[in-house]
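Trainee: This is start25.txt, which holds compact mmCIF, C-alpha atoms and all ligand atoms:
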# COMPACT_ATOMS: atom_id res chain seq x y z
CA MET D 1 -1.35 -7.18 -21.10
CA ILE D 2 -1.20 -4.26 -18.72
CA GLN D 3 1.75 -4.33 -16.38
CA ALA D 4 1.52 -2.18 -13.25
CA ARG D 5 5.05 -1.46 -12.03
CA ARG D 6 4.71 0.78 -8.98
CA ILE D 7 1.97 2.08 -6.73
CA GLY D 8 1.58 5.82 -7.11
CA HIS D 9 -0.87 7.29 -4.63
CA ALA D 10 -3.97 6.41 -2.62
CA THR D 11 -7.08 8.60 -2.63
CA PHE D 12 -9.16 8.97 0.52
CA GLU D 13 -12.55 10.48 1.14
CA THR D 14 -12.58 12.15 4.55
CA PRO D 15 -15.32 13.93 6.50
CA ASP D 16 -12.79 16.38 7.98
CA LEU D 17 -10.27 17.53 5.41
CA ASP D 18 -8.38 19.91 7.73
CA ARG D 19 -7.95 17.21 10.36
CA ALA D 20 -6.75 14.69 7.76
CA VAL D 21 -4.27 17.18 6.26
CA ASP D 22 -2.92 17.95 9.74
CA TYR D 23 -2.51 14.23 10.47
CA TYR D 24 -0.67 13.47 7.24
CA LYS D 25 1.60 16.48 7.69
CA GLU D 26 2.35 16.32 11.39
CA ILE D 27 2.26 12.60 12.14
CA THR D 28 2.92 10.77 8.85
CA GLY D 29 5.40 13.45 7.85
CA LEU D 30 4.16 14.19 4.34
CA VAL D 31 4.38 17.52 2.53
CA LEU D 32 1.24 19.43 1.53
CA ALA D 33 1.97 19.85 -2.17
CA GLU D 34 -1.30 21.47 -3.22
CA ARG D 35 -4.57 22.46 -1.59
CA GLU D 36 -7.80 23.47 -3.34
CA PRO D 37 -11.42 23.64 -2.17
CA GLY D 38 -12.38 20.15 -1.01
CA ARG D 39 -9.11 18.50 -2.06
CA ALA D 40 -5.53 18.22 -0.89
CA PHE D 41 -2.46 16.48 -2.32
CA LEU D 42 0.39 15.23 -0.16
CA ALA D 43 3.82 14.10 -1.25
CA SER D 44 6.60 12.18 0.46
CA LYS D 45 9.60 14.21 1.61
CA LEU D 46 11.30 12.95 -1.56
CA GLY D 47 8.63 14.64 -3.66
CA GLN D 48 6.42 11.82 -4.95
CA LEU D 49 2.64 12.23 -4.68
CA VAL D 50 1.42 9.57 -2.21
CA VAL D 51 -1.95 10.68 -0.79
CA GLN D 52 -4.91 12.55 -2.30
CA LEU D 53 -7.62 13.69 0.12
CA GLU D 54 -11.16 14.62 -0.88
CA GLU D 55 -13.78 15.99 1.48
CA GLY D 56 -16.83 13.69 1.63
CA SER D 57 -19.28 12.05 3.96
CA ASN D 58 -17.36 8.81 4.60
CA ALA D 59 -13.84 7.99 5.71
CA GLN D 60 -12.76 5.53 3.02
CA CYS D 61 -10.12 4.69 0.46
CA THR D 62 -11.65 5.40 -2.95
CA GLY D 63 -8.74 5.08 -5.34
CA LEU D 64 -5.26 3.81 -6.15
CA SER D 65 -2.92 4.81 -8.94
CA PHE D 66 -0.24 2.67 -10.53
CA GLU D 67 2.66 3.60 -12.78
CA VAL D 68 3.13 1.71 -16.03
CA ALA D 69 6.16 1.67 -18.33
CA PRO D 70 7.10 5.01 -19.97
CA ASP D 71 6.47 3.65 -23.47
CA SER D 72 3.03 2.24 -22.67
CA ASP D 73 0.39 2.54 -25.38
CA PHE D 74 -2.63 3.89 -23.53
CA ASP D 75 -5.03 3.21 -26.43
CA ALA D 76 -3.86 -0.44 -26.55
CA MET D 77 -4.27 -0.74 -22.79
CA ARG D 78 -7.78 0.63 -23.10
CA ARG D 79 -8.61 -1.88 -25.86
CA SER D 80 -7.28 -4.69 -23.68
CA LEU D 81 -9.60 -3.60 -20.87
CA THR D 82 -12.56 -3.40 -23.26
CA GLU D 83 -11.84 -6.94 -24.49
CA GLN D 84 -12.02 -8.09 -20.87
CA GLY D 85 -15.36 -6.31 -20.40
CA ILE D 86 -13.95 -3.46 -18.31
CA ALA D 87 -15.19 0.06 -19.03
CA SER D 88 -12.46 2.69 -18.92
CA GLU D 89 -11.74 6.25 -19.93
CA LEU D 90 -8.67 8.21 -20.85
CA ALA D 91 -8.36 11.49 -19.01
CA ASN D 92 -5.98 14.28 -18.30
CA ASP D 93 -6.63 14.43 -14.63
CA SER D 94 -6.19 17.50 -12.54
CA VAL D 95 -3.82 15.68 -10.18
CA PRO D 96 -0.63 17.67 -9.68
CA GLY D 97 2.40 16.27 -11.45
CA ILE D 98 0.54 13.49 -13.27
CA GLY D 99 -0.22 13.58 -17.00
CA ARG D 100 -2.59 11.31 -18.91
CA VAL D 101 -4.35 8.58 -16.97
CA LEU D 102 -6.42 5.52 -17.86
CA LYS D 103 -9.28 5.20 -15.36
CA PHE D 104 -11.46 2.24 -14.48
CA LYS D 105 -12.79 0.41 -11.45
CA ASP D 106 -11.58 -2.82 -9.88
CA PRO D 107 -14.13 -5.47 -8.74
CA LYS D 108 -14.53 -3.92 -5.28
CA GLY D 109 -15.33 -0.51 -6.80
CA THR D 110 -12.00 1.20 -6.13
CA ASN D 111 -11.04 3.75 -8.80
CA ILE D 112 -7.84 2.66 -10.53
CA GLU D 113 -5.72 5.14 -12.45
CA LEU D 114 -2.77 4.11 -14.59
CA PHE D 115 -0.18 6.72 -15.47
CA SER D 116 3.28 6.89 -17.01
CA GLU D 117 4.14 10.58 -16.93
CA TRP D 118 4.77 12.24 -13.59
CA ASN D 119 6.87 14.92 -11.97
CA TYR D 120 8.33 15.36 -8.54
CA LEU D 121 6.29 17.78 -6.44
CA GLY D 122 9.32 19.11 -4.61
CA LYS D 123 12.68 17.86 -3.57
CA HIS D 124 14.09 16.64 -0.26
CA HIS D 125 11.77 18.53 2.05
CA GLN D 126 12.49 18.77 5.73
CA VAL D 127 9.38 17.39 7.42
CA ILE D 128 7.95 17.05 10.86
CA GLY D 129 6.44 13.65 11.66
CA VAL D 130 7.70 10.23 10.61
CA GLY D 131 8.71 11.10 7.03
CA PRO D 132 8.40 7.84 5.05
CA TYR D 133 10.26 7.30 1.79
CA LYS D 134 7.24 6.00 -0.09
CA LEU D 135 3.75 4.56 -0.13
CA GLY D 136 4.42 0.83 0.05
CA HIS D 137 1.18 -1.13 0.04
CA VAL D 138 -2.54 -1.00 0.63
CA ALA D 139 -4.54 -3.94 2.01
CA PHE D 140 -8.28 -4.44 1.57
CA ILE D 141 -10.96 -6.65 3.03
CA VAL D 142 -13.03 -7.94 0.11
CA ASP D 143 -15.88 -10.40 -0.32
CA ASP D 144 -13.71 -12.86 -2.25
CA ALA D 145 -9.91 -12.53 -2.09
CA LYS D 146 -9.50 -15.09 -4.91
CA LYS D 147 -11.70 -13.10 -7.29
CA THR D 148 -9.94 -9.79 -6.56
CA THR D 149 -6.51 -11.47 -6.76
CA ASP D 150 -7.41 -12.90 -10.18
CA PHE D 151 -8.36 -9.41 -11.38
CA TYR D 152 -5.06 -7.89 -10.24
CA THR D 153 -2.99 -10.71 -11.76
CA GLN D 154 -4.93 -11.08 -15.02
CA VAL D 155 -5.79 -7.43 -15.71
CA LEU D 156 -2.96 -5.50 -14.04
CA GLY D 157 -0.06 -7.96 -14.30
CA PHE D 158 0.51 -8.50 -10.57
CA ARG D 159 2.28 -11.65 -9.36
CA VAL D 160 1.23 -13.65 -6.32
CA SER D 161 3.93 -13.55 -3.61
CA ASP D 162 2.10 -15.54 -0.95
CA TRP D 163 -1.26 -16.72 0.25
CA VAL D 164 -2.23 -17.37 3.86
CA GLU D 165 -4.41 -20.45 3.36
CA ASP D 166 -7.12 -19.42 0.89
CA PHE D 167 -8.23 -16.13 2.42
CA PHE D 168 -5.30 -13.65 2.39
CA SER D 169 -3.20 -12.83 -0.69
CA PHE D 170 -0.01 -10.76 -1.06
CA LEU D 171 0.68 -9.46 -4.58
CA ARG D 172 3.74 -7.74 -6.05
CA CYS D 173 4.22 -5.57 -9.13
CA GLY D 174 7.94 -4.94 -8.61
CA PRO D 175 10.66 -6.21 -6.26
CA ASP D 176 8.66 -5.46 -3.08
CA HIS D 177 7.00 -8.58 -1.64
CA HIS D 178 3.58 -6.93 -1.68
CA THR D 179 1.99 -3.77 -3.02
CA VAL D 180 -1.63 -4.86 -2.56
CA ASN D 181 -3.19 -7.43 -0.22
CA PHE D 182 -6.67 -8.93 -0.25
CA LEU D 183 -8.32 -10.54 2.72
CA THR D 184 -11.68 -12.28 2.47
CA GLY D 185 -14.22 -10.83 4.90
CA LYS D 186 -17.77 -9.68 5.33
CA LYS D 187 -17.40 -5.96 4.71
CA THR D 188 -15.47 -4.55 1.76
CA GLN D 189 -13.18 -1.82 3.07
CA MET D 190 -9.54 -0.85 3.37
CA HIS D 191 -7.69 -2.96 5.93
CA HIS D 192 -4.57 -0.80 6.25
CA ILE D 193 -2.24 1.49 4.35
CA ALA D 194 1.52 1.13 4.73
CA PHE D 195 4.40 3.56 4.26
CA GLU D 196 8.03 2.50 4.00
CA VAL D 197 10.65 4.13 6.22
CA LYS D 198 14.40 3.97 5.74
CA ASP D 199 15.41 1.55 8.48
CA PHE D 200 14.71 0.25 11.96
CA ALA D 201 15.96 3.48 13.57
CA HIS D 202 13.15 5.28 11.76
CA ILE D 203 10.62 2.75 13.13
CA GLN D 204 11.94 3.67 16.59
CA ASN D 205 11.62 7.40 15.77
CA ALA D 206 8.01 6.76 14.71
CA CYS D 207 7.31 5.03 18.03
CA GLU D 208 8.93 7.92 19.95
CA LEU D 209 6.63 10.32 18.11
CA PHE D 210 3.56 8.19 18.92
CA GLY D 211 4.66 8.27 22.57
CA GLN D 212 5.00 12.06 22.57
CA LYS D 213 1.67 12.57 20.81
CA GLU D 214 -0.09 9.91 22.92
CA ILE D 215 -1.11 7.95 19.84
CA PRO D 216 -1.60 4.31 20.85
CA ILE D 217 0.55 1.77 19.03
CA ILE D 218 -1.98 -0.94 18.28
CA TRP D 219 0.58 -3.53 17.11
CA GLY D 220 4.34 -3.69 17.24
CA PRO D 221 7.04 -2.84 16.75
CA LEU D 222 7.52 -6.37 15.49
CA ARG D 223 9.12 -8.49 12.79
CA HIS D 224 6.40 -10.39 10.91
CA SER D 225 7.12 -14.08 11.01
CA GLY D 226 5.09 -14.84 7.88
CA PRO D 227 4.61 -13.31 4.41
CA GLY D 228 6.89 -10.32 3.77
CA HIS D 229 8.88 -10.54 7.04
CA ASN D 230 8.76 -6.75 7.42
CA ILE D 231 9.45 -4.88 10.64
CA SER D 232 6.26 -2.93 11.35
CA THR D 233 4.41 -0.67 13.71
CA TYR D 234 0.69 0.08 13.44
CA HIS D 235 -1.51 2.89 14.73
CA GLN D 236 -4.84 4.43 13.76
CA ASN D 237 -5.31 7.83 12.18
CA PRO D 238 -8.16 10.28 12.99
CA ASP D 239 -10.32 8.67 10.27
CA SER D 240 -9.93 5.31 12.11
CA HIS D 241 -7.77 3.88 9.32
CA THR D 242 -5.00 1.53 10.38
CA VAL D 243 -1.65 2.91 9.22
CA GLU D 244 1.55 0.86 9.13
CA PHE D 245 5.13 2.08 8.97
CA TYR D 246 7.51 -0.67 7.90
CA THR D 247 11.04 -1.47 6.77
CA GLU D 248 12.97 -4.55 5.56
CA LEU D 249 10.18 -6.02 3.46
CA ASP D 250 11.17 -9.13 1.47
CA GLN D 251 12.47 -8.37 -2.02
CA MET D 252 12.27 -10.44 -5.18
CA LYS D 253 15.04 -8.76 -7.12
CA ASP D 254 14.99 -11.22 -10.02
CA GLU D 255 11.67 -12.65 -11.17
CA THR D 256 13.44 -15.35 -13.19
CA LEU D 257 15.16 -16.76 -10.12
CA GLY D 258 11.83 -16.86 -8.32
CA TYR D 259 12.99 -16.53 -4.71
CA PHE D 260 13.18 -13.66 -2.27
CA GLU D 261 16.59 -12.17 -1.42
CA PRO D 262 17.90 -14.40 1.39
CA ARG D 263 17.52 -13.04 4.93
CA PRO D 264 18.36 -14.64 8.31
CA TRP D 265 14.76 -14.56 9.46
CA HIS D 266 13.38 -16.52 6.52
CA HIS D 267 11.31 -19.58 7.23
CA ASP D 268 12.42 -21.49 4.14
CA THR D 269 15.74 -21.52 2.27
CA PRO D 270 15.21 -20.26 -0.31
CA GLN D 271 12.06 -18.35 0.53
CA ARG D 272 9.74 -18.74 -2.46
CA PRO D 273 6.11 -17.73 -2.95
CA LYS D 274 3.92 -20.26 -1.20
CA VAL D 275 0.73 -20.89 0.72
CA TRP D 276 1.26 -20.36 4.45
CA ARG D 277 -0.77 -22.14 7.04
CA LYS D 278 -2.08 -19.93 9.81
CA GLY D 279 0.19 -20.27 12.84
CA ASN D 280 3.03 -22.25 11.20
CA SER D 281 5.41 -19.31 10.72
CA ARG D 282 8.53 -18.64 12.78
CA GLY D 283 11.51 -16.29 12.83
CA GLY D 284 9.61 -13.19 13.86
CA TRP D 285 9.56 -11.32 17.13
CA GLY D 286 7.52 -8.70 18.96
CA PRO D 287 4.24 -8.52 20.81
CA PRO D 288 1.00 -10.06 19.57
CA PRO D 289 -1.60 -7.69 18.08
CA THR D 290 -3.58 -5.71 20.62
CA GLU D 291 -7.34 -5.96 20.93
CA ALA D 292 -7.54 -2.52 19.24
CA TYR D 293 -5.69 -3.85 16.17
CA LEU D 294 -7.81 -6.97 16.03
CA ARG D 295 -10.97 -4.87 16.32
CA SER D 296 -9.83 -2.54 13.56
CA SER D 297 -8.99 -5.40 11.22
CA ARG D 298 -11.90 -7.68 12.01
CA THR D 299 -13.10 -9.24 8.82
FE FE D 301 1.04 -4.27 5.76
Can you give me the file's structure in the form of structure tokens?
Mentor:
Amino acid sequence: MIQARRIGHATFETPDLDRAVDYYKEITGLVLAEREPGRAFLASKLGQLVVQLEEGSNAQCTGLSFEVAPDSDFDAMRRSLTEQGIASELANDSVPGIGRVLKFKDPKGTNIELFSEWNYLGKHHQVIGVGPYKLGHVAFIVDDAKKTTDFYTQVLGFRVSDWVEDFFSFLRCGPDHHTVNFLTGKKTQMHHIAFEVKDFAHIQNACELFGQKEIPIIWGPLRHSGPGHNISTYHQNPDSHTVEFYTELDQMKDETLGYFEPRPWHHDTPQRPKVWRKGNSRGGWGPPPTEAYLRSSRT
């Protein structure tokens, strides 16, 4: 059984590579680690690769990478995929800092790369922009959230943290409440990408930057009252992708205990994975989503 343990980086196709690089450097606060014709690689200020950009005709998320345990047997993982009818290939990709990868596609056609060997692409850079600590999660609209959730749990070892009714799943591969989300809708596409910042003061700094740069905040800042309970703020980048900065996401620090680390804003005591009903959550605060957010996330 393959066990994803951490999200590595997201790959985006973008029609305007220079514009996307500028956005991720100057607004998100990432570091341009490497640039080559048609491609760019951006790292967090701590030095981990978090975004790969590729020039192309569409603005879309085309890939995700996940770290597996250092002693993982890549040939055995490949056999396990083959047994489940999933075509894969082993490659030594040309992605900076990453060694051997096992590549295949998930049911919605996103390229998945598993890796265990990686290097920091720098150390403690001073950045302009928000400067998140890490890539936290990526959410997708898919034709069938149940089907995609089954793939991530059965093939990649994810655990279900929560469902909202039967159409929105939150899956974890480590202590963070969610690393991927799947929302049933008509058009398969990325819903949003989320970066973790250190604390609430950094959410405020992000909002100050959006104010200075006249970037509309399309939702927040707020504390989610339902799954994850994170404090979040959302805006759109130049490729019309919704980008979230968040902090204080629920943590399941011990899988055996089965509940999330207690917090004052929790709905249940203890807060365990469950199915939420739309509209029955409480304990959050902040404004409702704007029309711009609702439009961007319409399923
Ligand atoms: Fe999110």
Trainee: Nearest to ligand FE 301 (chain D): which of D:Ser225, D:Thr179, D:Ser281, D:Gln212 is it, counting only C-alpha atoms and all ligand atoms?
Mentor: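 Using only C-alpha atoms and all ligand atoms, ligand FE 301 (chain D) sits closest to D:Thr179.
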Trainee: How many Å lie between atom CA of D:Glu261 and atom CA of D:Pro175, rounded to one decimal?
Mentor: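 Result for atom CA of D:Glu261 versus atom CA of D:Pro175: 9.7 Å, one decimal.
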Trainee: Just give me the gap between atom CA of D:Phe41 and atom CA of D:Pro132 in Å, one decimal is fine.
Mentor: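 The value is 15.7 Å.
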Trainee: Using only C-alpha atoms and all ligand atoms, can you tell me which of D:Ala91, D:Cys207, D:Leu135, D:Ala145 comes closest to ligand FE 301 (chain D)?
Mentor: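 Closest to ligand FE 301 (chain D), using only C-alpha atoms and all ligand atoms: D:Leu135.
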Trainee: Around ligand FE 301 (chain D), at most 10 Å away and counting only C-alpha atoms and all ligand atoms, which residues are there? Put them as a list of chain:residue names, please.
Mentor: D:Gly136, D:His137, D:Val138, D:Ala139, D:Phe170, D:His178, D:Thr179, D:Val180, D:Asn181, D:His191, D:His192, D:Ile193, D:Ala194, D:Phe195, D:Glu196, D:His224, D:Pro227, D:Gly228, D:Asn230, D:Ile231, D:Ser232, D:Thr233, D:Tyr234, D:Thr242, D:Val243, D:Glu244, D:Phe245, D:Tyr246, D:Leu249
Trainee: Residues at most 10 Å from D:Asn58, counting only C-alpha atoms, excluding those fewer than 4 positions away in the same chain, as an NGL selection string?
Mentor: :D and (12-16 or 239)
Trainee: Could you check which of D:Gly8, D:Gly109, D:Gly63, D:Gly99 is closest to D:Ser44, using all atoms listed in the file?
Mentor: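 Nearest candidate to D:Ser44 out of D:Gly8, D:Gly109, D:Gly63, D:Gly99: D:Gly8.
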Trainee: Choose the residue, out of D:Asp166, D:Asp144, D:Glu255, D:Glu83, that has the smallest atom-to-atom separation from D:Val275; count only C-alpha atoms.
Mentor: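 Ranked by minimum distance to D:Val275, first place goes to D:Asp166.
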Trainee: Quick check, in Å to one decimal: how far apart do atom CA of D:Ile2 and atom CA of D:Ser80 lie?
Mentor: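 We find that atom CA of D:Ile2 and atom CA of D:Ser80 lie 7.9 Å from each other.
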Trainee: Considering only C-alpha atoms, can you say which of D:Asp106, D:Thr256, D:Gln84, D:Leu121 comes closest to D:Leu32?
Mentor: D:Leu121
Trainee: Smallest atom-to-atom distance to D:Gly226: which of D:Ala206, D:Val164, D:Met252, D:Ala33, using only C-alpha atoms?
Mentor: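 Closest to D:Gly226, using only C-alpha atoms: D:Val164.
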Trainee: At a cut-off of 10 Å, using all atoms listed in the file, what residues contact D:Arg100? Leave out same-chain residues fewer than 4 positions from it and give the result as an NGL selection string.
Mentor: :D and (74 or 90-95 or 113-118)
Trainee: Hey, what's within 12 Å of D:His125 if we count only C-alpha atoms and toss same-chain stuff fewer than 2 positions away? As a PyMOL selection string, please?
Mentor: chain D and resi 25+29-33+43-48+120-123+127-128+131-133
